[in-house]
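Structure data (mmCIF, N, CA and C atoms) from start_13.cif:
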```
data_query
loop_
_atom_site.label_atom_id
_atom_site.label_comp_id
_atom_site.auth_asym_id
_atom_site.auth_seq_id
_atom_site.Cartn_x
_atom_site.Cartn_y
_atom_site.Cartn_z
N MET A 1 90.24 92.44 96.39
CA MET A 1 91.04 91.23 96.44
C MET A 1 92.00 91.34 97.63
N GLN A 2 92.00 90.35 98.46
CA GLN A 2 92.85 90.33 99.66
C GLN A 2 94.23 89.81 99.30
N SER A 3 95.18 90.70 99.30
CA SER A 3 96.57 90.31 99.02
C SER A 3 97.41 90.69 100.22
N LYS A 4 98.61 90.13 100.25
CA LYS A 4 99.55 90.39 101.33
C LYS A 4 100.81 90.99 100.72
N ILE A 5 101.33 92.03 101.34
CA ILE A 5 102.60 92.63 100.91
C ILE A 5 103.63 92.29 101.98
N ARG A 6 104.77 91.79 101.54
CA ARG A 6 105.82 91.44 102.49
C ARG A 6 107.19 91.70 101.89
N LYS A 7 108.17 91.79 102.76
CA LYS A 7 109.55 91.97 102.35
C LYS A 7 110.05 90.66 101.71
N ALA A 8 110.83 90.79 100.66
CA ALA A 8 111.40 89.61 100.01
C ALA A 8 112.38 88.91 100.94
N LEU A 9 112.45 87.61 100.81
CA LEU A 9 113.37 86.76 101.58
C LEU A 9 114.33 86.08 100.62
N PRO A 10 115.49 85.64 101.11
CA PRO A 10 116.44 84.96 100.22
C PRO A 10 115.82 83.80 99.42
N ALA A 11 114.90 83.10 100.00
CA ALA A 11 114.26 81.97 99.31
C ALA A 11 113.39 82.41 98.13
N ASP A 12 113.12 83.71 98.02
CA ASP A 12 112.27 84.24 96.95
C ASP A 12 113.03 84.60 95.67
N ILE A 13 114.34 84.51 95.70
CA ILE A 13 115.17 85.00 94.58
C ILE A 13 114.71 84.43 93.23
N ASP A 14 114.50 83.13 93.13
CA ASP A 14 114.11 82.54 91.84
C ASP A 14 112.78 83.11 91.34
N LYS A 15 111.84 83.32 92.23
CA LYS A 15 110.55 83.88 91.82
C LYS A 15 110.71 85.35 91.41
N ILE A 16 111.55 86.09 92.11
CA ILE A 16 111.80 87.49 91.74
C ILE A 16 112.39 87.55 90.34
N ILE A 17 113.32 86.67 90.04
CA ILE A 17 113.94 86.64 88.71
C ILE A 17 112.90 86.32 87.64
N LYS A 18 111.99 85.40 87.93
CA LYS A 18 110.92 85.09 86.95
C LYS A 18 110.01 86.30 86.74
N LEU A 19 109.72 87.02 87.81
CA LEU A 19 108.90 88.23 87.67
C LEU A 19 109.65 89.30 86.88
N CYS A 20 110.96 89.42 87.11
CA CYS A 20 111.77 90.38 86.33
C CYS A 20 111.71 90.03 84.84
N ALA A 21 111.81 88.74 84.54
CA ALA A 21 111.75 88.31 83.14
C ALA A 21 110.39 88.63 82.54
N ALA A 22 109.32 88.40 83.29
CA ALA A 22 107.97 88.72 82.80
C ALA A 22 107.82 90.23 82.61
N HIS A 23 108.38 91.00 83.52
CA HIS A 23 108.34 92.47 83.44
C HIS A 23 109.07 92.93 82.18
N ALA A 24 110.26 92.41 81.95
CA ALA A 24 111.03 92.78 80.76
C ALA A 24 110.28 92.40 79.48
N SER A 25 109.68 91.23 79.47
CA SER A 25 108.90 90.79 78.32
C SER A 25 107.72 91.74 78.07
N TYR A 26 107.05 92.15 79.13
CA TYR A 26 105.93 93.09 79.01
C TYR A 26 106.39 94.41 78.38
N GLU A 27 107.62 94.84 78.72
CA GLU A 27 108.15 96.09 78.19
C GLU A 27 108.95 95.90 76.90
N ASN A 28 108.91 94.67 76.34
CA ASN A 28 109.60 94.34 75.10
C ASN A 28 111.10 94.63 75.17
N VAL A 29 111.71 94.23 76.29
CA VAL A 29 113.13 94.44 76.52
C VAL A 29 113.79 93.07 76.74
N HIS A 30 114.98 92.90 76.18
CA HIS A 30 115.73 91.65 76.39
C HIS A 30 116.10 91.52 77.86
N TYR A 31 116.01 90.30 78.38
CA TYR A 31 116.38 90.03 79.76
C TYR A 31 117.11 88.70 79.82
N SER A 32 118.21 88.68 80.51
CA SER A 32 118.95 87.44 80.76
C SER A 32 119.00 87.21 82.26
N ASP A 33 118.69 86.01 82.68
CA ASP A 33 118.75 85.71 84.12
C ASP A 33 120.14 85.25 84.55
N TYR A 34 121.09 85.23 83.62
CA TYR A 34 122.43 84.74 83.91
C TYR A 34 123.09 85.58 85.02
N GLY A 35 123.46 84.92 86.11
CA GLY A 35 124.14 85.57 87.22
C GLY A 35 123.27 86.45 88.10
N LYS A 36 122.00 86.54 87.78
CA LYS A 36 121.13 87.46 88.52
C LYS A 36 120.90 87.01 89.97
N ALA A 37 120.80 85.72 90.21
CA ALA A 37 120.48 85.24 91.56
C ALA A 37 121.53 85.70 92.56
N SER A 38 122.80 85.49 92.25
CA SER A 38 123.83 85.87 93.21
C SER A 38 123.95 87.39 93.33
N LYS A 39 123.81 88.11 92.22
CA LYS A 39 123.90 89.58 92.26
C LYS A 39 122.75 90.18 93.08
N LEU A 40 121.54 89.73 92.81
CA LEU A 40 120.39 90.24 93.57
C LEU A 40 120.49 89.87 95.04
N HIS A 41 120.96 88.68 95.31
CA HIS A 41 121.12 88.26 96.70
C HIS A 41 122.06 89.22 97.44
N ARG A 42 123.17 89.55 96.82
CA ARG A 42 124.13 90.49 97.45
C ARG A 42 123.52 91.88 97.64
N MET A 43 122.74 92.33 96.69
CA MET A 43 122.14 93.67 96.78
C MET A 43 121.03 93.75 97.82
N LEU A 44 120.25 92.68 97.92
CA LEU A 44 119.05 92.70 98.76
C LEU A 44 119.29 92.24 100.21
N PHE A 45 120.21 91.32 100.41
CA PHE A 45 120.28 90.65 101.70
C PHE A 45 121.60 90.83 102.44
N CYS A 46 122.31 91.89 102.15
CA CYS A 46 123.54 92.19 102.89
C CYS A 46 123.20 93.05 104.11
N GLU A 47 124.21 93.42 104.87
CA GLU A 47 123.99 94.19 106.09
C GLU A 47 123.36 95.56 105.80
N ASN A 48 123.81 96.23 104.75
CA ASN A 48 123.27 97.53 104.34
C ASN A 48 122.82 97.42 102.88
N PRO A 49 121.62 96.90 102.63
CA PRO A 49 121.21 96.64 101.25
C PRO A 49 121.12 97.92 100.40
N SER A 50 121.57 97.81 99.16
CA SER A 50 121.45 98.93 98.22
C SER A 50 120.13 98.89 97.49
N LEU A 51 119.40 97.80 97.60
CA LEU A 51 118.11 97.62 96.95
C LEU A 51 117.16 96.94 97.92
N HIS A 52 115.91 97.35 97.88
CA HIS A 52 114.87 96.74 98.70
C HIS A 52 113.80 96.17 97.77
N CYS A 53 113.23 95.05 98.17
CA CYS A 53 112.21 94.40 97.35
C CYS A 53 111.05 93.97 98.23
N ILE A 54 109.86 94.34 97.81
CA ILE A 54 108.64 93.86 98.48
C ILE A 54 107.84 93.06 97.47
N LEU A 55 107.14 92.07 97.99
CA LEU A 55 106.38 91.15 97.15
C LEU A 55 104.90 91.20 97.47
N ALA A 56 104.10 91.01 96.44
CA ALA A 56 102.65 90.88 96.62
C ALA A 56 102.32 89.40 96.51
N GLU A 57 101.55 88.92 97.48
CA GLU A 57 101.13 87.52 97.48
C GLU A 57 99.61 87.44 97.46
N TYR A 58 99.12 86.45 96.78
CA TYR A 58 97.69 86.13 96.80
C TYR A 58 97.58 84.62 96.96
N LYS A 59 96.93 84.20 98.02
CA LYS A 59 96.79 82.77 98.32
C LYS A 59 98.16 82.07 98.30
N SER A 60 99.14 82.68 98.96
CA SER A 60 100.51 82.16 99.09
C SER A 60 101.29 82.11 97.78
N GLU A 61 100.76 82.68 96.70
CA GLU A 61 101.48 82.75 95.44
C GLU A 61 102.03 84.16 95.26
N ILE A 62 103.29 84.30 94.90
CA ILE A 62 103.88 85.61 94.63
C ILE A 62 103.40 86.06 93.26
N ILE A 63 102.69 87.20 93.24
CA ILE A 63 102.05 87.67 92.01
C ILE A 63 102.63 89.00 91.50
N GLY A 64 103.53 89.59 92.27
CA GLY A 64 104.10 90.86 91.84
C GLY A 64 105.20 91.31 92.77
N TYR A 65 105.87 92.38 92.35
CA TYR A 65 106.97 92.89 93.17
C TYR A 65 107.17 94.37 92.91
N ALA A 66 107.86 95.00 93.82
CA ALA A 66 108.35 96.36 93.64
C ALA A 66 109.74 96.42 94.25
N THR A 67 110.63 97.16 93.59
CA THR A 67 111.97 97.36 94.12
C THR A 67 112.24 98.85 94.22
N PHE A 68 113.03 99.23 95.20
CA PHE A 68 113.33 100.64 95.41
C PHE A 68 114.66 100.79 96.13
N SER A 69 115.24 101.98 95.98
CA SER A 69 116.51 102.28 96.64
C SER A 69 116.52 103.74 97.06
N LYS A 70 117.37 104.04 98.03
CA LYS A 70 117.53 105.41 98.50
C LYS A 70 118.58 106.09 97.64
N GLU A 71 118.24 107.23 97.09
CA GLU A 71 119.12 107.98 96.19
C GLU A 71 119.29 109.40 96.71
N CYS A 72 120.20 110.15 96.07
CA CYS A 72 120.48 111.53 96.46
C CYS A 72 120.14 112.49 95.33
N SER A 73 119.66 113.66 95.70
CA SER A 73 119.44 114.74 94.75
C SER A 73 120.34 115.91 95.12
N THR A 74 121.24 116.26 94.23
CA THR A 74 122.12 117.40 94.46
C THR A 74 121.30 118.69 94.52
N TRP A 75 120.38 118.85 93.56
CA TRP A 75 119.59 120.08 93.50
C TRP A 75 118.77 120.30 94.76
N ASP A 76 118.21 119.22 95.30
CA ASP A 76 117.40 119.34 96.51
C ASP A 76 118.22 119.21 97.78
N ALA A 77 119.47 118.78 97.65
CA ALA A 77 120.33 118.50 98.80
C ALA A 77 119.58 117.61 99.79
N ASP A 78 119.02 116.55 99.24
CA ASP A 78 118.19 115.65 100.05
C ASP A 78 118.15 114.26 99.40
N HIS A 79 117.65 113.32 100.16
CA HIS A 79 117.47 111.96 99.65
C HIS A 79 116.05 111.79 99.12
N TYR A 80 115.89 110.79 98.28
CA TYR A 80 114.56 110.37 97.81
C TYR A 80 114.62 108.87 97.59
N LEU A 81 113.45 108.24 97.51
CA LEU A 81 113.40 106.83 97.14
C LEU A 81 113.13 106.76 95.65
N TYR A 82 113.85 105.89 94.98
CA TYR A 82 113.62 105.64 93.57
C TYR A 82 113.03 104.25 93.43
N MET A 83 111.82 104.18 92.89
CA MET A 83 111.17 102.89 92.64
C MET A 83 111.62 102.43 91.26
N ASP A 84 112.45 101.41 91.23
CA ASP A 84 112.99 100.92 89.97
C ASP A 84 111.97 100.06 89.24
N CYS A 85 111.28 99.21 89.94
CA CYS A 85 110.31 98.31 89.31
C CYS A 85 109.02 98.23 90.12
N LEU A 86 107.93 98.14 89.41
CA LEU A 86 106.62 97.78 89.98
C LEU A 86 105.96 96.93 88.91
N PHE A 87 105.67 95.69 89.26
CA PHE A 87 105.10 94.77 88.27
C PHE A 87 104.15 93.80 88.96
N LEU A 88 103.01 93.60 88.33
CA LEU A 88 102.03 92.60 88.76
C LEU A 88 101.69 91.72 87.57
N GLN A 89 101.49 90.44 87.84
CA GLN A 89 101.02 89.55 86.80
C GLN A 89 99.69 90.10 86.28
N GLU A 90 99.45 89.91 84.99
CA GLU A 90 98.32 90.55 84.31
C GLU A 90 96.97 90.33 85.00
N ASP A 91 96.69 89.14 85.46
CA ASP A 91 95.40 88.84 86.08
C ASP A 91 95.16 89.59 87.38
N PHE A 92 96.19 90.21 87.94
CA PHE A 92 96.07 90.87 89.24
C PHE A 92 96.14 92.39 89.14
N ARG A 93 96.22 92.91 87.94
CA ARG A 93 96.25 94.37 87.75
C ARG A 93 94.84 94.95 87.90
N GLY A 94 94.79 96.19 88.35
CA GLY A 94 93.50 96.87 88.49
C GLY A 94 92.70 96.45 89.70
N LYS A 95 93.32 95.81 90.66
CA LYS A 95 92.61 95.31 91.84
C LYS A 95 93.09 95.96 93.14
N GLY A 96 93.87 97.04 93.02
CA GLY A 96 94.34 97.76 94.20
C GLY A 96 95.65 97.27 94.77
N ILE A 97 96.22 96.24 94.18
CA ILE A 97 97.47 95.68 94.72
C ILE A 97 98.65 96.62 94.45
N GLY A 98 98.67 97.26 93.28
CA GLY A 98 99.72 98.22 92.98
C GLY A 98 99.73 99.38 93.96
N VAL A 99 98.54 99.85 94.32
CA VAL A 99 98.42 100.91 95.32
C VAL A 99 98.98 100.44 96.65
N HIS A 100 98.67 99.21 97.00
CA HIS A 100 99.17 98.63 98.25
C HIS A 100 100.70 98.56 98.25
N LEU A 101 101.29 98.17 97.11
CA LEU A 101 102.75 98.13 97.01
C LEU A 101 103.34 99.52 97.18
N ILE A 102 102.79 100.50 96.47
CA ILE A 102 103.31 101.87 96.57
C ILE A 102 103.12 102.43 97.97
N ASN A 103 101.99 102.19 98.59
CA ASN A 103 101.77 102.67 99.95
C ASN A 103 102.77 102.06 100.93
N THR A 104 103.17 100.83 100.69
CA THR A 104 104.19 100.19 101.54
C THR A 104 105.54 100.90 101.37
N ILE A 105 105.86 101.28 100.15
CA ILE A 105 107.10 102.03 99.90
C ILE A 105 107.01 103.41 100.56
N ILE A 106 105.87 104.04 100.47
CA ILE A 106 105.68 105.36 101.09
C ILE A 106 105.86 105.26 102.60
N GLU A 107 105.34 104.22 103.21
CA GLU A 107 105.52 104.03 104.66
C GLU A 107 106.99 103.86 105.01
N TYR A 108 107.72 103.11 104.19
CA TYR A 108 109.16 102.96 104.41
C TYR A 108 109.84 104.32 104.32
N ALA A 109 109.45 105.11 103.33
CA ALA A 109 110.03 106.45 103.17
C ALA A 109 109.80 107.29 104.42
N LYS A 110 108.59 107.28 104.92
CA LYS A 110 108.27 108.07 106.12
C LYS A 110 109.08 107.60 107.32
N GLN A 111 109.23 106.28 107.47
CA GLN A 111 109.99 105.73 108.59
C GLN A 111 111.47 106.09 108.52
N THR A 112 111.97 106.32 107.31
CA THR A 112 113.39 106.63 107.15
C THR A 112 113.64 108.11 106.89
N GLY A 113 112.61 108.94 107.03
CA GLY A 113 112.76 110.38 106.90
C GLY A 113 112.88 110.89 105.47
N VAL A 114 112.47 110.10 104.50
CA VAL A 114 112.51 110.49 103.10
C VAL A 114 111.13 111.04 102.71
N GLN A 115 111.15 112.14 101.96
CA GLN A 115 109.89 112.82 101.66
C GLN A 115 109.49 112.81 100.19
N ARG A 116 110.21 112.03 99.38
CA ARG A 116 109.86 112.01 97.95
C ARG A 116 110.12 110.63 97.37
N LEU A 117 109.24 110.22 96.48
CA LEU A 117 109.36 108.96 95.74
C LEU A 117 109.35 109.30 94.26
N GLU A 118 110.29 108.73 93.50
CA GLU A 118 110.34 108.93 92.06
C GLU A 118 110.37 107.58 91.36
N TRP A 119 109.92 107.58 90.10
CA TRP A 119 109.92 106.38 89.28
C TRP A 119 109.76 106.80 87.83
N GLN A 120 109.77 105.83 86.95
CA GLN A 120 109.54 106.10 85.53
C GLN A 120 108.75 104.95 84.93
N THR A 121 108.16 105.22 83.79
CA THR A 121 107.45 104.20 83.03
C THR A 121 107.57 104.55 81.56
N PRO A 122 107.55 103.56 80.68
CA PRO A 122 107.63 103.87 79.25
C PRO A 122 106.44 104.74 78.81
N ASP A 123 106.68 105.63 77.84
CA ASP A 123 105.62 106.53 77.40
C ASP A 123 104.47 105.81 76.70
N TRP A 124 104.68 104.59 76.25
CA TRP A 124 103.61 103.83 75.61
C TRP A 124 102.71 103.11 76.61
N ASN A 125 103.12 103.03 77.87
CA ASN A 125 102.36 102.29 78.88
C ASN A 125 101.25 103.18 79.47
N LYS A 126 100.22 103.39 78.67
CA LYS A 126 99.14 104.33 79.02
C LYS A 126 98.40 103.93 80.29
N SER A 127 98.21 102.62 80.51
CA SER A 127 97.49 102.20 81.73
C SER A 127 98.32 102.52 82.97
N ALA A 128 99.63 102.34 82.91
CA ALA A 128 100.49 102.69 84.05
C ALA A 128 100.49 104.20 84.27
N ILE A 129 100.54 104.97 83.19
CA ILE A 129 100.53 106.43 83.31
C ILE A 129 99.25 106.89 83.99
N LYS A 130 98.11 106.35 83.58
CA LYS A 130 96.83 106.71 84.20
C LYS A 130 96.81 106.30 85.68
N PHE A 131 97.34 105.12 85.98
CA PHE A 131 97.41 104.64 87.37
C PHE A 131 98.22 105.60 88.22
N TYR A 132 99.41 105.98 87.74
CA TYR A 132 100.27 106.88 88.50
C TYR A 132 99.65 108.27 88.63
N GLN A 133 98.97 108.74 87.61
CA GLN A 133 98.31 110.04 87.70
C GLN A 133 97.17 110.01 88.72
N ARG A 134 96.43 108.91 88.79
CA ARG A 134 95.36 108.78 89.80
C ARG A 134 95.92 108.84 91.22
N LEU A 135 97.16 108.37 91.38
CA LEU A 135 97.81 108.42 92.69
C LEU A 135 98.31 109.82 93.04
N GLY A 136 98.31 110.71 92.06
CA GLY A 136 98.82 112.06 92.27
C GLY A 136 100.22 112.25 91.72
N GLY A 137 100.76 111.25 91.06
CA GLY A 137 102.09 111.37 90.47
C GLY A 137 102.10 112.39 89.35
N GLN A 138 103.20 113.10 89.23
CA GLN A 138 103.36 114.11 88.19
C GLN A 138 104.58 113.77 87.36
N SER A 139 104.44 113.89 86.06
CA SER A 139 105.53 113.54 85.14
C SER A 139 106.53 114.68 85.01
N LYS A 140 107.80 114.31 84.91
CA LYS A 140 108.87 115.25 84.58
C LYS A 140 109.28 114.94 83.15
N GLU A 141 109.30 115.93 82.32
CA GLU A 141 109.68 115.73 80.92
C GLU A 141 111.20 115.65 80.81
N LYS A 142 111.71 114.45 80.68
CA LYS A 142 113.13 114.21 80.51
C LYS A 142 113.30 112.99 79.63
N TRP A 143 114.43 112.88 79.01
CA TRP A 143 114.81 111.68 78.31
C TRP A 143 115.77 110.92 79.21
N ARG A 144 115.61 109.64 79.30
CA ARG A 144 116.52 108.83 80.11
C ARG A 144 117.53 108.17 79.17
N PHE A 145 118.78 108.36 79.45
CA PHE A 145 119.85 107.79 78.65
C PHE A 145 120.55 106.67 79.41
N THR A 146 121.06 105.73 78.67
CA THR A 146 121.84 104.64 79.25
C THR A 146 123.15 104.56 78.49
N LEU A 147 124.23 104.46 79.23
CA LEU A 147 125.55 104.29 78.64
C LEU A 147 126.16 103.04 79.25
N THR A 148 126.33 102.02 78.44
CA THR A 148 126.93 100.78 78.92
C THR A 148 128.44 100.90 78.78
N ILE A 149 129.14 100.67 79.90
CA ILE A 149 130.60 100.81 79.89
C ILE A 149 131.29 99.55 80.35
#
```
What does the file become when written as structure tokens?
Amino acid sequence: MQSKIRKALPADIDKIIKLCAAHASYENVHYSDYGKASKLHRMLFCENPSLHCILAEYKSEIIGYATFSKECSTWDADHYLYMDCLFLQEDFRGKGIGVHLINTIIEYAKQTGVQRLEWQTPDWNKSAIKFYQRLGGQSKEKWRFTLTI
């Protein structure tokens, strides 16, 4: 399937929010779009963005997205890219588009001198786990905690 991967633009915010909502629904997590447009706009489109977003398009329709940010590892005394989200609409999964999205992030990492990419997925998402393992991804056994303050 011929898809196009491109950097998100300010005009894409509403579609990104809809994809975030679909992603949250897929993972059975509550999602509110309240205030998200302005917050994401500030994160993605400022002079030094703290978040990067790439979009997958098929026939000019946005069908998926991936977001990532540059983070620090104290133990490694180095930076890495953290992929926060990777999501494709159901009809477009298994067609190589996810690989294309990840390869685009890997190219960004190489261009910016970063040598590691990390991400997470729920333990029940067996198809995602198999996909990431086929790419050569290795799991770290950790529990992720969230503290809302």
Give the helix (DSSP H, G or I) residues of chain A, as DSSP finds them on the backbone, and put them as a VMD selection string.
chain A and resid 10 to 26 36 to 44 90 to 92 97 to 111 126 to 134
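For the pair CA of Leu9 (chain A) and atom C of Leu51 (chain A), the separation is 11.5 Å.
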Please provide the set of residues having any atom within 7 Å of His41 (chain A), restricted to only C-alpha atoms, with same-chain residues fewer than 4 positions apart removed, written as a ChimeraX atom specification.
/A:10,37,45
For Ala66 (chain A), list every protein, DNA or RNA residue within 5 Å, evaluated using all atoms listed in the file, and leave out those in the same chain fewer than 2 positions away; present the list as a PyMOL selection string.
chain A and resi 53-54+64+68+85-86
Hey, what comes out of the PyMOL selection byres (((chain A and resi 132 and name CA) around 12) and name CA) on this file? Could you write it as a ChimeraX atom specification?
/A:86,98-99,102,117-121,125-131,133-139
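Within the file as shown, the PyMOL selection byres ((chain A and resi 101) around 8) identifies Ile5, Ile54, Leu55, Ala56, Tyr65, Ala66, Gly96, Ile97, Gly98, Val99, His100, Ile102, Asn103, Thr104, Ile105, Ile106 and Glu107 of chain A.
The shortest atom-to-atom distance to Arg116 (chain A), with all atoms listed in the file taken into account, belongs to A:Leu81 out of A:Lys95, A:Glu71, A:Phe87, A:Leu81.
If you count all atoms listed in the file and ignore residues fewer than 5 places along the chain from Gly113 (chain A), what sits within 8 Å of it is His79, Tyr80, Glu107 and Tyr108 of chain A.
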So how many Å separate CA of Arg42 (chain A) and atom N of Thr67 (chain A), to one decimal?
15.5 Å
